[in-house]
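Chemist: File query16.cif follows (mmCIF, C-alpha atoms):
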```cif
data_coords
loop_
_atom_site.label_atom_id
_atom_site.label_comp_id
_atom_site.auth_asym_id
_atom_site.auth_seq_id
_atom_site.Cartn_x
_atom_site.Cartn_y
_atom_site.Cartn_z
CA MET A 6 7.26 -56.46 -0.47
CA GLY A 7 6.41 -56.21 -4.18
CA LEU A 8 3.32 -54.63 -5.66
CA THR A 9 1.01 -57.22 -7.24
CA ILE A 10 -0.79 -56.00 -10.36
CA CYS A 11 -3.59 -57.96 -12.02
CA LEU A 12 -3.40 -57.14 -15.73
CA SER A 13 -6.39 -57.50 -18.04
CA PHE A 14 -6.27 -57.38 -21.86
CA LEU A 15 -9.62 -56.85 -23.62
CA LEU A 16 -10.95 -53.57 -24.94
CA ALA A 17 -8.76 -50.52 -24.63
CA LEU A 18 -5.04 -50.69 -24.89
CA ALA A 19 -3.19 -48.09 -22.89
CA LEU A 20 -3.69 -44.41 -23.63
CA THR A 21 -0.84 -42.15 -24.65
CA ARG A 22 -0.17 -38.53 -25.40
CA ALA A 23 3.53 -38.78 -24.68
CA ALA A 24 6.23 -37.98 -27.22
CA VAL A 25 6.78 -41.63 -28.00
CA ILE A 26 5.18 -43.74 -30.72
CA VAL A 27 3.72 -46.99 -29.42
CA PRO A 28 2.29 -49.14 -32.25
CA GLY A 29 -0.99 -50.79 -31.31
CA ALA A 30 -1.70 -48.62 -28.27
CA THR A 31 -4.77 -46.42 -27.95
CA TRP A 32 -3.65 -42.98 -29.08
CA THR A 33 -5.39 -39.87 -27.76
CA ASP A 34 -5.43 -36.29 -28.98
CA THR A 35 -4.61 -33.15 -27.00
CA SER A 36 -8.17 -33.13 -25.61
CA GLY A 37 -7.78 -36.67 -24.28
CA ASN A 38 -10.12 -38.22 -26.86
CA VAL A 39 -9.26 -41.36 -28.80
CA ILE A 40 -7.90 -40.46 -32.23
CA GLN A 41 -10.36 -41.44 -34.97
CA ALA A 42 -8.40 -41.29 -38.24
CA HIS A 43 -8.48 -44.76 -39.75
CA GLY A 44 -7.38 -45.49 -43.32
CA GLY A 45 -5.54 -42.22 -43.04
CA GLY A 46 -3.57 -39.89 -45.27
CA PHE A 47 -1.04 -37.19 -44.39
CA LEU A 48 -0.08 -33.78 -45.72
CA LYS A 49 2.71 -31.45 -44.65
CA VAL A 50 2.06 -27.70 -44.89
CA ASP A 51 5.13 -25.68 -43.88
CA SER A 52 6.12 -27.21 -40.51
CA THR A 53 2.69 -28.66 -39.71
CA TYR A 54 1.53 -32.18 -40.47
CA TYR A 55 -2.16 -32.89 -41.12
CA TRP A 56 -3.71 -36.32 -40.60
CA PHE A 57 -6.98 -37.10 -42.38
CA GLY A 58 -8.88 -40.31 -41.66
CA GLU A 59 -12.14 -42.13 -41.16
CA ASP A 60 -14.04 -41.40 -37.95
CA LYS A 61 -15.30 -44.84 -36.86
CA ALA A 62 -16.35 -43.90 -33.30
CA HIS A 63 -19.84 -45.20 -34.11
CA ASN A 64 -18.32 -48.64 -34.93
CA SER A 65 -19.94 -48.72 -38.36
CA GLY A 66 -18.49 -48.86 -41.84
CA LEU A 67 -20.97 -46.20 -43.01
CA PHE A 68 -19.83 -42.62 -43.45
CA ARG A 69 -19.77 -40.36 -40.43
CA ALA A 70 -16.91 -37.93 -41.06
CA VAL A 71 -13.41 -37.46 -42.39
CA SER A 72 -11.48 -36.15 -39.42
CA CYS A 73 -8.59 -33.68 -39.51
CA TYR A 74 -5.76 -33.55 -36.95
CA SER A 75 -2.61 -31.43 -36.89
CA SER A 76 0.82 -31.86 -35.30
CA THR A 77 4.28 -30.37 -35.52
CA ASP A 78 6.05 -33.41 -34.06
CA MET A 79 4.00 -36.36 -35.43
CA THR A 80 3.23 -37.54 -31.89
CA THR A 81 1.01 -34.85 -30.34
CA TRP A 82 -2.17 -34.44 -32.37
CA THR A 83 -4.93 -31.80 -32.12
CA ARG A 84 -8.34 -32.41 -33.65
CA HIS A 85 -9.94 -29.66 -35.73
CA ASN A 86 -13.28 -29.38 -37.48
CA ASP A 87 -14.35 -32.36 -39.58
CA ALA A 88 -12.85 -32.04 -43.04
CA LEU A 89 -15.74 -33.77 -44.81
CA THR A 90 -19.21 -34.69 -43.58
CA PRO A 91 -22.16 -36.52 -45.17
CA VAL A 92 -24.22 -34.76 -47.82
CA ALA A 93 -27.80 -36.01 -48.08
CA SER A 94 -29.06 -37.33 -51.42
CA THR A 95 -25.53 -37.75 -52.79
CA THR A 96 -23.06 -40.62 -52.99
CA ILE A 97 -21.53 -39.55 -49.64
CA SER A 98 -24.67 -39.71 -47.49
CA THR A 99 -24.86 -41.47 -44.14
CA SER A 100 -25.95 -44.59 -46.05
CA ASP A 101 -22.75 -44.67 -48.08
CA ILE A 102 -19.08 -45.46 -47.54
CA VAL A 103 -16.16 -43.01 -47.56
CA GLU A 104 -12.75 -44.55 -46.93
CA ARG A 105 -9.01 -43.83 -47.23
CA PRO A 106 -9.10 -40.01 -47.59
CA LYS A 107 -5.93 -38.55 -49.11
CA VAL A 108 -5.27 -34.83 -49.58
CA ILE A 109 -2.80 -33.10 -51.91
CA PHE A 110 -2.18 -29.41 -52.55
CA ASN A 111 -2.41 -27.94 -56.03
CA ARG A 112 0.16 -25.14 -56.22
CA ALA A 113 -1.25 -23.81 -59.49
CA THR A 114 -4.77 -23.33 -58.12
CA ALA A 115 -3.89 -22.84 -54.41
CA GLU A 116 -6.45 -25.53 -53.59
CA TYR A 117 -6.44 -28.57 -51.35
CA VAL A 118 -7.96 -31.57 -53.10
CA MET A 119 -9.20 -34.64 -51.25
CA TRP A 120 -9.61 -38.01 -52.97
CA PHE A 121 -11.27 -40.97 -51.30
CA HIS A 122 -12.82 -44.37 -51.92
CA SER A 123 -16.51 -43.63 -52.49
CA ASP A 124 -18.83 -46.59 -52.39
CA SER A 125 -22.30 -47.93 -51.67
CA SER A 126 -22.95 -49.90 -48.51
CA ASN A 127 -22.46 -53.20 -50.37
CA TYR A 128 -19.27 -52.00 -52.11
CA GLY A 129 -21.00 -52.28 -55.46
CA ALA A 130 -20.43 -48.72 -56.67
CA ALA A 131 -16.60 -48.98 -56.59
CA GLN A 132 -15.89 -45.30 -57.22
CA VAL A 133 -13.53 -42.53 -56.21
CA GLY A 134 -14.74 -39.26 -54.73
CA VAL A 135 -13.29 -35.75 -54.91
CA ALA A 136 -13.74 -32.74 -52.62
CA THR A 137 -11.93 -29.40 -52.42
CA SER A 138 -11.03 -26.68 -49.92
CA ARG A 139 -8.92 -23.52 -49.62
CA THR A 140 -7.59 -24.56 -46.20
CA PRO A 141 -6.03 -27.85 -45.03
CA CYS A 142 -8.84 -28.92 -42.67
CA GLY A 143 -11.60 -27.41 -44.75
CA PRO A 144 -14.44 -28.07 -44.52
CA TYR A 145 -14.22 -29.59 -47.99
CA THR A 146 -16.88 -29.16 -50.65
CA PHE A 147 -17.91 -32.41 -52.31
CA LYS A 148 -17.59 -32.33 -56.08
CA SER A 149 -18.44 -35.81 -57.42
CA SER A 150 -17.98 -39.56 -57.29
CA PHE A 151 -17.12 -41.57 -60.40
CA ARG A 152 -15.30 -44.60 -61.78
CA PRO A 153 -11.89 -43.54 -63.08
CA LEU A 154 -11.77 -44.03 -66.84
CA GLY A 155 -14.95 -46.08 -66.44
CA ALA A 156 -13.27 -48.81 -64.37
CA GLU A 157 -13.89 -49.91 -60.78
CA SER A 158 -11.83 -48.36 -58.00
CA ARG A 159 -11.90 -49.63 -54.43
CA ASP A 160 -9.00 -49.26 -51.96
CA MET A 161 -6.91 -46.39 -53.32
CA GLY A 162 -4.21 -43.84 -52.64
CA ILE A 163 -2.82 -40.66 -54.17
CA TYR A 164 0.80 -39.92 -55.04
CA GLN A 165 2.14 -36.46 -55.85
CA ASP A 166 5.47 -36.54 -57.63
CA ASP A 167 8.35 -34.17 -56.95
CA ASP A 168 8.48 -32.56 -60.39
CA ALA A 169 7.91 -28.84 -60.88
CA ALA A 170 4.26 -29.34 -61.86
CA GLY A 171 3.47 -31.57 -58.89
CA THR A 172 2.07 -34.20 -61.26
CA SER A 173 -0.23 -36.45 -59.28
CA TYR A 174 -1.54 -39.97 -59.68
CA LEU A 175 -4.37 -42.19 -58.51
CA LEU A 176 -3.28 -45.62 -57.23
CA TYR A 177 -6.17 -48.06 -57.11
CA ALA A 178 -7.44 -51.61 -56.95
CA SER A 179 -9.60 -52.21 -60.02
CA ASP A 180 -11.52 -54.85 -61.96
CA ASN A 181 -12.98 -56.59 -58.90
CA ASN A 182 -9.65 -56.07 -57.09
CA GLN A 183 -7.78 -58.24 -59.58
CA ASN A 184 -5.69 -55.58 -61.32
CA PHE A 185 -3.81 -52.69 -59.75
CA LYS A 186 -3.67 -49.46 -61.74
CA VAL A 187 -1.87 -46.11 -61.77
CA SER A 188 -3.55 -43.21 -63.57
CA ARG A 189 -2.45 -39.58 -64.00
CA LEU A 190 -4.66 -36.78 -62.67
CA ASP A 191 -5.61 -33.72 -64.68
CA ALA A 192 -4.11 -30.30 -63.94
CA ASN A 193 -6.85 -29.41 -61.44
CA TYR A 194 -6.59 -32.80 -59.67
CA TYR A 195 -10.34 -33.28 -60.22
CA ASN A 196 -10.21 -36.26 -62.56
CA VAL A 197 -7.92 -38.80 -64.18
CA THR A 198 -6.70 -38.44 -67.74
CA THR A 199 -4.49 -41.40 -68.62
CA GLN A 200 -3.82 -44.86 -67.26
CA ILE A 201 -0.04 -45.17 -67.21
CA ALA A 202 0.47 -48.59 -65.57
CA VAL A 203 -1.36 -51.76 -64.69
CA ILE A 204 -0.09 -54.67 -62.62
CA PRO A 205 -2.37 -57.50 -63.77
CA GLY A 206 -3.57 -60.25 -61.47
CA SER A 207 -1.79 -58.70 -58.49
CA THR A 208 -4.79 -58.34 -56.12
CA LEU A 209 -3.12 -55.36 -54.44
CA GLU A 210 -4.92 -52.67 -52.42
CA SER A 211 -4.36 -49.97 -49.72
CA PRO A 212 -1.40 -48.51 -51.62
CA GLY A 213 1.21 -45.88 -50.89
CA ILE A 214 4.32 -44.74 -52.76
CA ILE A 215 7.68 -43.47 -51.57
CA LYS A 216 10.23 -42.12 -54.03
CA ARG A 217 13.72 -42.63 -52.64
CA ASN A 218 16.96 -41.94 -54.49
CA GLY A 219 15.02 -41.77 -57.76
CA VAL A 220 13.34 -45.16 -57.26
CA TYR A 221 9.58 -45.53 -56.73
CA HIS A 222 8.56 -47.92 -53.95
CA LEU A 223 4.93 -49.09 -54.09
CA PHE A 224 3.67 -50.46 -50.76
CA ALA A 225 0.39 -52.37 -50.67
CA SER A 226 -1.47 -55.19 -49.02
CA HIS A 227 -3.30 -58.04 -50.69
CA THR A 228 -7.09 -58.38 -50.60
CA THR A 229 -8.21 -60.40 -47.57
CA GLY A 230 -11.02 -58.17 -46.35
CA TRP A 231 -10.51 -56.93 -42.80
CA ASN A 232 -7.98 -59.69 -42.06
CA PRO A 233 -4.28 -58.79 -42.23
CA ASN A 234 -1.86 -60.33 -44.70
CA PRO A 235 1.85 -60.02 -45.59
CA ASN A 236 2.10 -56.54 -47.14
CA LYS A 237 4.45 -56.10 -50.08
CA VAL A 238 6.69 -53.59 -51.80
CA LEU A 239 7.38 -53.31 -55.54
CA THR A 240 9.90 -50.98 -57.14
CA ALA A 241 10.29 -49.19 -60.47
CA ASN A 242 12.38 -46.44 -62.01
CA SER A 243 9.25 -44.94 -63.53
CA LEU A 244 5.62 -44.90 -62.41
CA SER A 245 4.76 -46.44 -65.78
CA GLY A 246 6.91 -49.44 -64.91
CA PRO A 247 8.06 -52.02 -65.37
CA TRP A 248 7.41 -52.87 -61.73
CA SER A 249 9.51 -55.44 -59.92
CA SER A 250 8.21 -58.62 -58.36
CA GLU A 251 6.74 -58.36 -54.86
CA SER A 252 8.96 -58.36 -51.79
CA ASP A 253 7.94 -58.75 -48.14
CA ILE A 254 8.37 -55.79 -45.80
CA ALA A 255 8.03 -57.95 -42.66
CA PRO A 256 8.27 -61.66 -41.82
CA PRO A 257 5.26 -63.14 -43.68
CA ALA A 258 3.98 -65.12 -40.68
CA THR A 259 3.39 -61.90 -38.73
CA ARG A 260 1.01 -60.61 -41.41
CA THR A 261 2.74 -57.24 -41.24
CA TYR A 262 2.52 -57.34 -37.45
CA PHE A 263 -1.26 -57.62 -37.74
CA SER A 264 -1.74 -54.44 -39.78
CA GLN A 265 -2.63 -53.12 -43.22
CA ASN A 266 -0.75 -50.37 -45.03
CA THR A 267 -2.50 -47.03 -45.34
CA TYR A 268 0.30 -44.47 -45.93
CA ASN A 269 4.07 -44.32 -46.29
CA MET A 270 6.00 -41.18 -45.35
CA LEU A 271 9.53 -40.38 -46.40
CA ILE A 272 11.40 -38.34 -43.77
CA ASN A 273 14.79 -38.37 -45.54
CA SER A 274 16.83 -40.76 -47.67
CA ASN A 275 17.62 -42.87 -44.61
CA LEU A 276 14.27 -42.90 -42.83
CA ALA A 277 10.66 -43.49 -43.74
CA ILE A 278 7.59 -44.48 -41.75
CA TYR A 279 5.23 -47.36 -42.42
CA MET A 280 1.73 -46.35 -41.31
CA GLY A 281 -0.87 -49.08 -40.98
CA ASP A 282 -4.23 -49.91 -39.42
CA ARG A 283 -4.86 -52.80 -37.05
CA TRP A 284 -8.49 -53.35 -37.98
CA ARG A 285 -11.07 -54.69 -35.57
CA PRO A 286 -14.19 -55.08 -37.71
CA ALA A 287 -16.54 -55.88 -34.82
CA LEU A 288 -15.49 -52.63 -33.11
CA LEU A 289 -14.12 -50.42 -35.89
CA GLY A 290 -13.70 -47.44 -33.59
CA SER A 291 -11.30 -49.55 -31.49
CA SER A 292 -9.05 -50.29 -34.46
CA ARG A 293 -5.50 -49.16 -33.71
CA TYR A 294 -2.63 -47.51 -35.57
CA VAL A 295 0.61 -49.34 -36.24
CA TRP A 296 3.50 -47.10 -37.23
CA TYR A 297 7.04 -48.41 -37.61
CA PRO A 298 10.32 -47.08 -39.00
CA LEU A 299 11.28 -48.42 -42.41
CA SER A 300 14.90 -49.38 -42.97
CA TRP A 301 16.77 -49.92 -46.27
CA SER A 302 19.78 -51.54 -44.59
CA SER A 303 19.17 -54.81 -46.45
CA GLY A 304 18.63 -53.08 -49.79
CA ARG A 305 14.84 -53.41 -49.80
CA PRO A 306 12.65 -51.58 -47.26
CA GLN A 307 11.91 -53.55 -44.10
CA ILE A 308 9.78 -52.68 -41.09
CA VAL A 309 11.70 -52.18 -37.84
CA PRO A 310 9.25 -53.63 -35.27
CA ALA A 311 10.03 -51.27 -32.40
CA ASP A 312 7.57 -51.60 -29.50
CA VAL A 313 8.26 -48.05 -28.33
CA TRP A 314 10.16 -45.45 -30.36
CA THR A 315 10.74 -41.75 -30.74
CA LEU A 316 11.00 -39.67 -33.89
CA ASN A 317 13.29 -36.66 -34.23
CA LEU A 318 11.96 -34.80 -37.25
CA GLU A 319 14.63 -32.10 -37.15
CA ALA A 320 17.46 -34.64 -37.21
CA GLY A 321 15.56 -37.08 -39.40
CA THR A 322 16.28 -39.96 -37.03
CA TYR A 323 14.43 -42.40 -34.81
CA THR A 324 15.37 -44.13 -31.57
CA ALA A 325 13.93 -47.47 -30.49
CA ALA A 326 13.49 -47.66 -26.72
CA THR A 327 15.35 -50.35 -24.83
CA GLY A 328 13.76 -52.39 -22.09
CA THR A 329 14.25 -55.27 -19.69
CA THR A 330 13.03 -58.71 -20.74
CA TYR A 331 11.34 -61.11 -18.34
CA GLU A 332 10.74 -64.63 -19.65
CA ALA A 333 7.33 -66.11 -18.85
CA GLU A 334 8.79 -69.52 -18.04
CA ASN A 335 10.65 -67.99 -15.11
CA GLY A 336 7.40 -66.98 -13.45
CA VAL A 337 5.25 -68.81 -10.92
CA LEU A 338 2.43 -70.90 -12.43
CA SER A 339 -0.97 -71.53 -10.91
CA GLY A 340 -3.78 -73.93 -11.80
CA PRO A 341 -3.58 -75.63 -15.21
CA ALA A 342 -1.01 -73.16 -16.63
CA ARG A 343 1.95 -75.03 -18.08
CA SER A 344 5.02 -74.73 -20.28
CA LEU A 345 4.81 -75.03 -24.06
CA SER A 346 7.78 -75.69 -26.31
CA SER A 347 8.41 -74.20 -29.76
CA SER A 348 11.44 -72.89 -31.57
CA SER A 349 9.47 -69.70 -32.28
CA PHE A 350 9.36 -68.79 -28.58
CA SER A 351 12.09 -66.81 -26.88
CA GLY A 352 14.25 -69.44 -25.17
CA GLY A 353 12.09 -72.11 -26.81
CA VAL A 354 9.41 -71.94 -24.09
CA ALA A 355 6.17 -70.05 -23.43
CA ILE A 356 3.38 -70.45 -20.88
CA GLY A 357 -0.01 -71.68 -22.04
CA TYR A 358 -3.40 -72.57 -20.57
CA LEU A 359 -3.67 -69.15 -18.99
CA GLY A 360 -7.12 -68.04 -17.95
CA ASN A 361 -9.93 -70.44 -17.07
CA GLY A 362 -8.15 -71.14 -13.78
CA GLY A 363 -4.57 -70.79 -15.00
CA SER A 364 -2.42 -67.79 -14.13
CA LEU A 365 1.19 -66.65 -14.16
CA THR A 366 3.05 -64.32 -11.81
CA ILE A 367 6.33 -62.72 -12.85
CA ASN A 368 8.26 -61.52 -9.81
CA ASN A 369 11.08 -59.03 -9.36
CA VAL A 370 9.93 -56.74 -12.15
CA GLN A 371 11.77 -53.46 -11.75
CA GLY A 372 9.68 -50.28 -11.95
CA ILE A 373 10.46 -46.56 -11.90
CA GLY A 374 7.54 -45.36 -9.77
CA ALA A 375 5.58 -43.99 -12.73
CA ALA A 376 3.47 -45.17 -15.65
CA GLN A 377 5.64 -47.03 -18.14
CA TRP A 378 5.17 -49.19 -21.20
CA VAL A 379 5.13 -52.98 -21.02
CA SER A 380 4.97 -55.13 -24.16
CA LEU A 381 3.50 -58.60 -23.90
CA TYR A 382 4.81 -61.10 -26.41
CA TYR A 383 2.19 -63.76 -26.98
CA ALA A 384 0.89 -66.38 -29.41
CA ASN A 385 -2.78 -66.89 -30.25
CA GLY A 386 -3.56 -69.50 -32.88
CA ASP A 387 -7.32 -68.93 -32.70
CA SER A 388 -9.19 -67.29 -35.55
CA THR A 389 -10.55 -64.78 -33.02
CA TRP A 390 -9.04 -62.41 -30.49
CA ARG A 391 -8.35 -63.47 -26.90
CA ASN A 392 -7.80 -61.33 -23.83
CA THR A 393 -5.89 -61.53 -20.58
CA THR A 394 -6.11 -59.66 -17.31
CA VAL A 395 -3.48 -57.18 -16.11
CA SER A 396 -5.31 -54.34 -14.26
CA VAL A 397 -6.56 -52.94 -17.58
CA LEU A 398 -8.25 -54.82 -20.38
CA VAL A 399 -5.88 -55.41 -23.30
CA ASP A 400 -6.78 -57.12 -26.56
CA GLN A 401 -4.76 -59.99 -27.97
CA PRO A 402 -5.42 -60.27 -31.73
CA ASN A 403 -5.05 -63.66 -33.33
CA THR A 404 -1.47 -64.07 -34.48
CA GLY A 405 -2.28 -66.37 -37.39
CA GLY A 406 -0.79 -69.47 -35.81
CA GLY A 407 0.11 -70.91 -32.42
CA GLY A 408 3.81 -70.54 -33.20
CA VAL A 409 3.63 -66.91 -34.36
CA VAL A 410 4.58 -64.39 -31.68
CA LEU A 411 3.44 -60.74 -31.67
CA SER A 412 3.53 -58.03 -29.03
CA VAL A 413 0.81 -55.82 -27.60
CA PRO A 414 1.52 -52.79 -25.40
CA VAL A 415 0.00 -51.77 -22.10
CA LYS A 416 0.88 -48.85 -19.86
CA LEU A 417 1.28 -49.79 -16.20
CA THR A 418 2.12 -47.75 -13.15
CA LEU A 419 4.84 -49.76 -11.42
CA ARG A 420 6.21 -48.81 -8.04
CA SER A 421 9.84 -47.85 -7.78
CA GLY A 422 11.80 -51.03 -7.21
CA THR A 423 10.43 -54.56 -7.22
CA ASN A 424 6.97 -55.50 -8.54
CA SER A 425 5.08 -58.73 -9.12
CA ILE A 426 2.77 -58.87 -12.13
CA THR A 427 0.05 -61.51 -12.36
CA PHE A 428 -1.51 -62.46 -15.66
CA SER A 429 -4.87 -64.08 -16.44
CA ALA A 430 -6.08 -64.50 -12.85
CA ASN A 431 -9.82 -64.62 -12.15
CA GLN A 432 -10.92 -64.78 -15.76
CA ALA A 433 -13.18 -67.49 -17.14
CA ASN A 434 -11.94 -67.32 -20.71
CA TYR A 435 -8.60 -68.56 -21.99
CA ALA A 436 -5.88 -66.01 -22.64
CA ALA A 437 -3.20 -66.30 -25.30
CA ASP A 438 0.07 -68.11 -24.58
CA LEU A 439 2.63 -65.75 -23.03
CA ASP A 440 6.22 -65.89 -24.24
CA LYS A 441 7.82 -62.95 -22.41
CA ILE A 442 7.32 -59.35 -21.43
CA ILE A 443 9.59 -56.35 -22.03
CA VAL A 444 9.37 -53.49 -19.56
CA TYR A 445 10.38 -50.07 -20.90
CA THR A 446 11.34 -47.02 -18.90
CA ALA A 447 9.69 -44.84 -21.58
CA THR A 448 6.62 -43.08 -20.21
#
```
For this file, write the structure as structure tokens.

Modeler:
Amino acid sequence: MGLTICLSFLLALALTRAAVIVPGATWTDTSGNVIQAHGGGFLKVDSTYYWFGEDKAHNSGLFRAVSCYSSTDMTTWTRHNDALTPVASTTISTSDIVERPKVIFNRATAEYVMWFHSDSSNYGAAQVGVATSRTPCGPYTFKSSFRPLGAESRDMGIYQDDDAAGTSYLLYASDNNQNFKVSRLDANYYNVTTQIAVIPGSTLESPGIIKRNGVYHLFASHTTGWNPNPNKVLTANSLSGPWSSESDIAPPATRTYFSQNTYNMLINSNLAIYMGDRWRPALLGSSRYVWYPLSWSSGRPQIVPADVWTLNLEAGTYTAATGTTYEAENGVLSGPARSLSSSSFSGGVAIGYLGNGGSLTINNVQGIGAAQWVSLYYANGDSTWRNTTVSVLVDQPNTGGGGVVLSVPVKLTLRSGTNSITFSANQANYAADLDKIIVYTAT
């Protein structure tokens, strides 16, 4: 007799500390706490990676702390002291905004320098901020906030080139987010000296740069507030341009798999990582991290949308987990649940009208007798998130259209052998339409 599991999708996606990367899951640190490092930046020091980000545990956009985590494998993260905390009566008080912290190391001064988007609560200040430390996690000493070369700066990033001097650049949305600019930093990395490029009328923000085989790749989103959009990549042989036209890094309808670029990490000439945020503005602390491999197999970088994957830093390779697919239309329907047809669905069919009396049971799901990852492929054309029940609450972000299919992960403990999984039972609200599930043996 199979094990029946009632799944529920609302607040917390599954927790993981395993050596796999699961985009959109709730990631925890080595102490079991949810990682709070949104809008993050990364720095490698010897064999250790440091992750700096916004602590949004209080679910507010106002400044609480810039967190600092470390890892040697990019999957197991340990939290350290806060790198930067509010300073009363300055532009980084608890009434202000500090976003997108990025840290670079100045070899000439042996100093770690943090840059960040520094703003007032209404985003009217439009400044950058600078802080410094002698150690990676700090704590950092706040120096100042200012408008670079007198112009607005909102969502920003930092790029350190691979020349002998480590010449570094500020990448920023300027002029009411209409123009994107690149400006060179001074030798101390405390200020900007020269604007070297502008991409007019581009409305780009949340930038990152990868230099691969001598070509600069600028990744960025467009400006749609907290809502996701199709992120882009532009290329150039020089940071001063000319920059190419924009190219999509994922199918546009997915809106970058419901995420926004925050950082882009080159592992080697064949592998890079797209690092994004899946923002949830009503519950900022519950925003999730979406990391995917980037592939150049088509000539331009494209996201590889692996539900579950592993990263081998020593070999410079990744492996996407394989799983078993179970089509929703092969399940048993209850109440008003019924089939929906669309060419965007796997096999052309999905199951809708789940929740509010409608449910679906998928039988003969094979388990391994341990917790394992299950990805739910769904469509939600609403402007708001839905949820469905599956023994834990799992969120279903809006997919941007009823025919757009995305996946969300959940970790389930399935018995060894045959299981039955029931979706959306005993919930008053409607769930999203379910296309299929993929069950992974990865734990």

Chemist: Check the smallest atom-to-atom distance from each of A:Ser179, A:Thr31, A:Thr389, A:Asn368 to A:Thr404 using all atoms listed in the file, then report the winner.

Modeler: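 Smallest distance to A:Thr404 is found for A:Thr389.
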
Chemist: Might you spell out which residues the PyMOL selection byres ((chain A and resi 35) around 9) would select in the displayed file, as a PyMOL selection string?

Modeler: chain A and resi 22+33-34+36-38+81-84

Chemist: Which residues match the PyMOL selection byres ((chain A and resi 251-254) around 9) in the file above, as a PDB file with C-alpha atoms, keeping the file's coordinate frame?

Modeler:
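Heads up, here's the output in out-v3.pdb:
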```pdb
ATOM      1  CA  PHE A 224       3.670 -50.460 -50.760  1.00  0.00           C
ATOM      2  CA  PRO A 235       1.850 -60.020 -45.590  1.00  0.00           C
ATOM      3  CA  ASN A 236       2.100 -56.540 -47.140  1.00  0.00           C
ATOM      4  CA  LYS A 237       4.450 -56.100 -50.080  1.00  0.00           C
ATOM      5  CA  VAL A 238       6.690 -53.590 -51.800  1.00  0.00           C
ATOM      6  CA  LEU A 239       7.380 -53.310 -55.540  1.00  0.00           C
ATOM      7  CA  THR A 240       9.900 -50.980 -57.140  1.00  0.00           C
ATOM      8  CA  TRP A 248       7.410 -52.870 -61.730  1.00  0.00           C
ATOM      9  CA  SER A 249       9.510 -55.440 -59.920  1.00  0.00           C
ATOM     10  CA  SER A 250       8.210 -58.620 -58.360  1.00  0.00           C
ATOM     11  CA  ALA A 255       8.030 -57.950 -42.660  1.00  0.00           C
ATOM     12  CA  PRO A 256       8.270 -61.660 -41.820  1.00  0.00           C
ATOM     13  CA  PRO A 257       5.260 -63.140 -43.680  1.00  0.00           C
ATOM     14  CA  THR A 261       2.740 -57.240 -41.240  1.00  0.00           C
ATOM     15  CA  LEU A 299      11.280 -48.420 -42.410  1.00  0.00           C
ATOM     16  CA  ARG A 305      14.840 -53.410 -49.800  1.00  0.00           C
ATOM     17  CA  PRO A 306      12.650 -51.580 -47.260  1.00  0.00           C
ATOM     18  CA  GLN A 307      11.910 -53.550 -44.100  1.00  0.00           C
ATOM     19  CA  ILE A 308       9.780 -52.680 -41.090  1.00  0.00           C
TER      20      ILE A 308
END
```

Chemist: For a test of reading the model, state the distance in Å between atom CA of A:Val187 and atom CA of A:Lys107, rounded to one decimal.

Modeler: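 Computing it gives 15.3 Å between the two atoms.
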
Chemist: The PyMOL selection byres ((chain A and resi 432) around 9) - which residues does that actually catch in the file I just gave you? List them as a PyMOL selection string.

Modeler: chain A and resi 13+360-363+393-394+429-431+433-436

Chemist: Mind writing the picked residues with C-alpha atoms as a compact mmCIF listing (two decimals), in the coordinates of the input?

Modeler:
```txt
# COMPACT_ATOMS: atom_id res chain seq x y z
CA SER A 13 -6.39 -57.50 -18.04
CA GLY A 360 -7.12 -68.04 -17.95
CA ASN A 361 -9.93 -70.44 -17.07
CA GLY A 362 -8.15 -71.14 -13.78
CA GLY A 363 -4.57 -70.79 -15.00
CA THR A 393 -5.89 -61.53 -20.58
CA THR A 394 -6.11 -59.66 -17.31
CA SER A 429 -4.87 -64.08 -16.44
CA ALA A 430 -6.08 -64.50 -12.85
CA ASN A 431 -9.82 -64.62 -12.15
CA ALA A 433 -13.18 -67.49 -17.14
CA ASN A 434 -11.94 -67.32 -20.71
CA TYR A 435 -8.60 -68.56 -21.99
CA ALA A 436 -5.88 -66.01 -22.64
```

Chemist: From the list A:Ser76, A:Thr95, A:Ser52, A:Leu175, which residue is nearest A:Trp120 when using only C-alpha atoms?

Modeler: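 Closest candidate: A:Leu175.
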
Chemist: Which one of A:Gly406, A:Trp284, A:Val337, A:Tyr54 sits closest to A:Thr80 if you count only C-alpha atoms?

Modeler: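 When distances to A:Thr80 are compared using only C-alpha atoms, the smallest one comes from A:Tyr54.
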
Chemist: Which residues are close to A:Ala130, i.e. within 10 Å by all atoms listed in the file, leaving aside same-chain residues fewer than 3 positions away? Reply as JSON, numbers by chain.

Modeler: {"A": [96, 101, 102, 122, 123, 124, 125, 126, 127, 133, 150, 151, 152, 157, 158, 159]}

Chemist: Counting only C-alpha atoms, what is within 9 Å of A:Val27, bar same-chain residues fewer than 5 positions away, as a list in words?

Modeler: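 Here the qualifying residues turn out to be Thr21, Trp32, Tyr294, Val295, Trp296, Tyr297, Ala311, Asp312, Val313, Trp314, Thr315, Trp378 and Pro414 of chain A.
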
Chemist: Report as JSON, numbers by chain all protein, DNA and RNA residues lying within 9 Å of stretch 182-186 of chain A, evaluated on only C-alpha atoms, omitting residues in the same chain fewer than 2 positions from it.

Modeler: {"A": [157, 158, 159, 160, 175, 176, 177, 178, 179, 180, 188, 200, 201, 202, 203, 204, 205, 206, 207, 208, 209, 210, 228]}

Chemist: Of the candidates A:Ala355, A:Val413, A:Val118, A:Leu419, which shows the shortest atom-to-atom distance to A:Leu439, using all atoms listed in the file?

Modeler: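 Looking at the shortest contact to A:Leu439, the residue is A:Ala355.
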